[in-house]
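Asker: Sharing a structure here in structure tokens format.
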Amino acid sequence: MIHLQPAPAPEDGVRALLDAAVGALPDGAHVLVKPDWNARTEPRPGENTTPAFLGQVLAWLTDNGAARISLAHSSLLTPPDVPYTSFTDLLEIAGCTGLLEDHPHVRLVDLEIEPMVRRDGFLVPQALDEATLRIDCVRMKTHMGTQIAVGCKGLMGLLPDSETLRMHRDGLDRLLGELAATLPPTWTLVEADVAMEGNGPHHGGAVATGYHLAGDDLFELDSCAARLMGIDPSEVGHLVALGSGRAFPELPPELTGHVRAFARPTGVIEPARAARVFPGDSCATCHVAASALLDYAKGNPTQVRTVAGLAKAMLVSGLELYMGHQPSERTPGEGTCVALGDCAQAFAQQHGVPHVGGCPVRVESTAPVLAAAIAKGSA
């Protein structure tokens with residue numbers, strides 16, 4: 001069942017939402033809470049679970065007799081030659097260190113370093129089996145690789161790096177559907193007073209909805225969230241995979257007044273006047289490599305052969321970076337083009353684009369390829 005609670009601010013309505021969705025906890029409940037933390041720097045509006053929302057969840061669980069509360073998340077997927085974003089880093093980036101001082105009884109669990117078990121083809125932290133029930137806190141976003149990022153996409157914050165890489169490489173939507181069937185939470189809470197539209201999960205814009213959501217069925221909840229964003233859930237590949245022929249639920253009549261057409265993902269990021277990044281369904285390691293490559297090019301123009309060549313690529317003729325699996329109809333532009341990561345190898349071979357291999361990509365290997373491509377374009 002879907003519950004919608006008016007919420008002008010992140011801390012508003014959370015207790016009422018939990019009262020309606022969860023009700024009473026079983027005696028001796030061990031509750032594992034998984035937030036949505038995916039920002040590497042200061043979170044943008046709609047990007048991370050906020051301390052205010054999370055604080056209300058932890059306080060409600062405490063007040064309602066949870067015998068044990070664990071706050072769990074994996075670390076962020078990071079290229080091997082870039083500083084590691086650890087669980088401790090995520091706590092600080094998310095602004096939750098002060099929050100936890102108010103909840104010293106909450107146990108912190110870094111899922112990246114927990115013992116792992118194999119379940120339905122996925123390598124998952126054993127700690128997930130130790131909890132009586134699990135509450136996943138997620139944000140509501142559109143997403144460049146999966147159309148939407150709500151409950152199903154939030155599950156990837158439970159997995160170790162190796163599984164996240166595999167899912168992006170071997171078919172993200174299909175495996176997200178399988179993961180949602182394998183690791184469903186007891187309840188999913190959607191912090192949506194401010195959501196993200198456009199090029200989420202990191203580059204989108206904020207959109208105020210004024211409500212939070214909760215549900216105990218991922219297929220139903222994510223289908224509802226898609227419709228609230230003005231997206232037909234049948235367009236969302238991982239919901240099609242998860243549903244396995246189930247009919248997509250319609251919005252309950254009392255929720256139809258909350259529908260708002262979110263800006264769709266464009267599939268392209270434009271970090272400079274003539275620079276464009278096509279992420280496809282790539283994972284965070286390629287995103288980090290692309291960002292580092294652009295920063296390197298901007299900060300070290302003499303190291304990419306010629307200032308004139310760099311200026312021409314970034315500001316005039318074009319610099320295009322391709323990652324992930326690209327649609328068959330996409331063709332590279334006339335300017336300097338580089339493909340990053342093993343998932344983009346087929347695109348690079350098909351179109352003769354310089355390619356930096358690796359899964360994950362090593363950032364240090366990208367600069368020579370960029371230099372050679374710009375030099376060729378400047379010749």
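How things are named: the first chain in the structure tokens is A, the next is B, and so on; residues count from 1 in each chain; ligands count from 1 in the order shown.
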Find the spatial neighbours of segment 74-87 of chain A, counting only C-alpha atoms, within a cut-off of 8 Å - ignore same-chain residues fewer than 4 positions away - and output them as number ranges by chain.
Answerer: A: 38, 40, 91, 110-112, 157-161, 164, 283-286, 288-289, 360-364
Asker: Please give the complete set of residues from segment 57-270 of chain A that DSSP, run on the backbone, assigns to alpha helix (DSSP H), formatted as an MDAnalysis selection string.
Answerer: chainID A and resid 57:63 87:93 97:101 127:130 151:154 161:170 172:182 218:228 237:243
Asker: Point out the residue among A:Glu114, A:Lys153, A:Ala192, A:Asp102 with the least atom-to-atom distance to Val14 of chain A, counting only C-alpha atoms.
Answerer: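 Looking only at the distances to Val14 of chain A, the closest residue turns out to be A:Ala192.
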Asker: Give me, as a list of chain:residue names, all polymer residues having an atom no more than 10 Å from Met196 of chain A, counting only C-alpha atoms and skipping those fewer than 6 positions away in the same chain.
Answerer: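 Residues near the query, excluding close chain neighbours: A:Arg44, A:Pro45, A:Gly46, A:Glu47, A:Arg139, A:Met140, A:Lys141, A:Thr142, A:His143, A:Ile148, A:Ala149, A:His202, A:His203, A:Gly204, A:Gly205, A:Ala206, A:Val207, A:Ala208, A:Thr209, A:Met229, A:Phe262, A:Ala263.
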Asker: For Leu179 of chain A, find every residue with an atom within 10 Å (counting only C-alpha atoms), except residues of its own chain fewer than 5 positions away, and show them as a list in words.
Answerer: Arg119, Asp120, Gly121, Phe122, Cys152, Lys153, Leu155, Met156, Met167, Asp173, Arg174, Pro184, His238 and Leu242 of chain A
Asker: Mind checking which residues fall within 10 Å of Pro43 of chain A, counting only C-alpha atoms, ignoring those fewer than 6 positions away in the same chain, and posting them as a list of chain:residue names?
Answerer: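 Listed by chain and then number, they are A:Trp37, A:Thr49, A:Thr50, A:Ile93, A:Ala94, A:Gly95, A:His202.
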Asker: Could you write out the selected residues, including N, CA and C atoms, as a compact mmCIF listing (two decimals), in the first residue's frame?
Answerer:
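Result file is part06.txt:
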# COMPACT_ATOMS: atom_id res chain seq x y z
N TRP A 37 22.75 7.92 0.11
CA TRP A 37 23.93 8.78 0.13
C TRP A 37 24.73 8.51 -1.14
N THR A 49 19.70 11.67 1.17
CA THR A 49 18.84 11.70 2.35
C THR A 49 19.36 12.78 3.29
N THR A 50 18.50 13.66 3.75
CA THR A 50 18.94 14.76 4.59
C THR A 50 19.03 14.33 6.05
N ILE A 93 29.98 13.92 4.52
CA ILE A 93 29.43 14.62 3.36
C ILE A 93 27.93 14.81 3.52
N ALA A 94 27.26 13.80 4.07
CA ALA A 94 25.81 13.85 4.25
C ALA A 94 25.40 14.73 5.43
N GLY A 95 26.38 15.22 6.20
CA GLY A 95 26.08 16.09 7.34
C GLY A 95 25.48 15.35 8.51
N HIS A 202 22.79 13.23 -10.15
CA HIS A 202 23.71 14.22 -9.60
C HIS A 202 23.59 15.59 -10.25
Asker: Please, what distance in Å, to one decimal, runs between atom CA of Ser291 of chain A and atom CA of Leu165 of chain A?
Answerer: 18.2 Å
Asker: I'd like the interatomic distance between atom CA of Gly318 of chain A and atom CA of Gly335 of chain A, to a tenth of an Å.
Answerer: 4.6 Å
Asker: Give the answer as one residue: which of A:Cys337, A:Val369, A:Val57, A:Cys343 has the shortest atom-to-atom distance to His168 of chain A, using only C-alpha atoms?
Answerer: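 For His168 of chain A, the nearest of the candidates is A:Cys343.
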Asker: Could you name the residues that touch segment 133-138 of chain A at 7 Å or less, counting only C-alpha atoms, but leaving out those on the same chain fewer than 3 positions away, as a ChimeraX atom specification?
Answerer: /A:30-36,49,150-151,154,185-191
Asker: Give the answer as one residue: which of A:Val194, A:Ala131, A:Leu123, A:Leu213 has the shortest atom-to-atom distance to His3 of chain A, using only C-alpha atoms?
Answerer: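 Of all the options, A:Leu213 lies closest to His3 of chain A.
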Asker: Quick one: pull the distance between atom CA of Val338 of chain A and atom CA of Glu163 of chain A, Å, one decimal.
Answerer: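 Atom-to-atom, atom CA of Val338 of chain A and atom CA of Glu163 of chain A are spaced 26.1 Å apart.
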Asker: Of the residues A:Arg273, A:Arg227, A:Arg330, A:Arg264, which is the one nearest to Gly145 of chain A, using only C-alpha atoms?
Answerer: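 Closest residue, counting only C-alpha atoms: A:Arg264.
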Asker: Contacts of His325 of chain A at 7 Å or less, counting only C-alpha atoms, minus same-chain residues fewer than 6 places along, as an NGL selection string?
Answerer: :A and (280-281 or 343-344)
Asker: For a quick check of understanding, using only C-alpha atoms, which of A:Ala346, A:Leu183, A:Ala226, A:Val277 has the smallest distance to Thr146 of chain A?
Answerer: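 Using only C-alpha atoms, the shortest distance to Thr146 of chain A belongs to A:Ala226.
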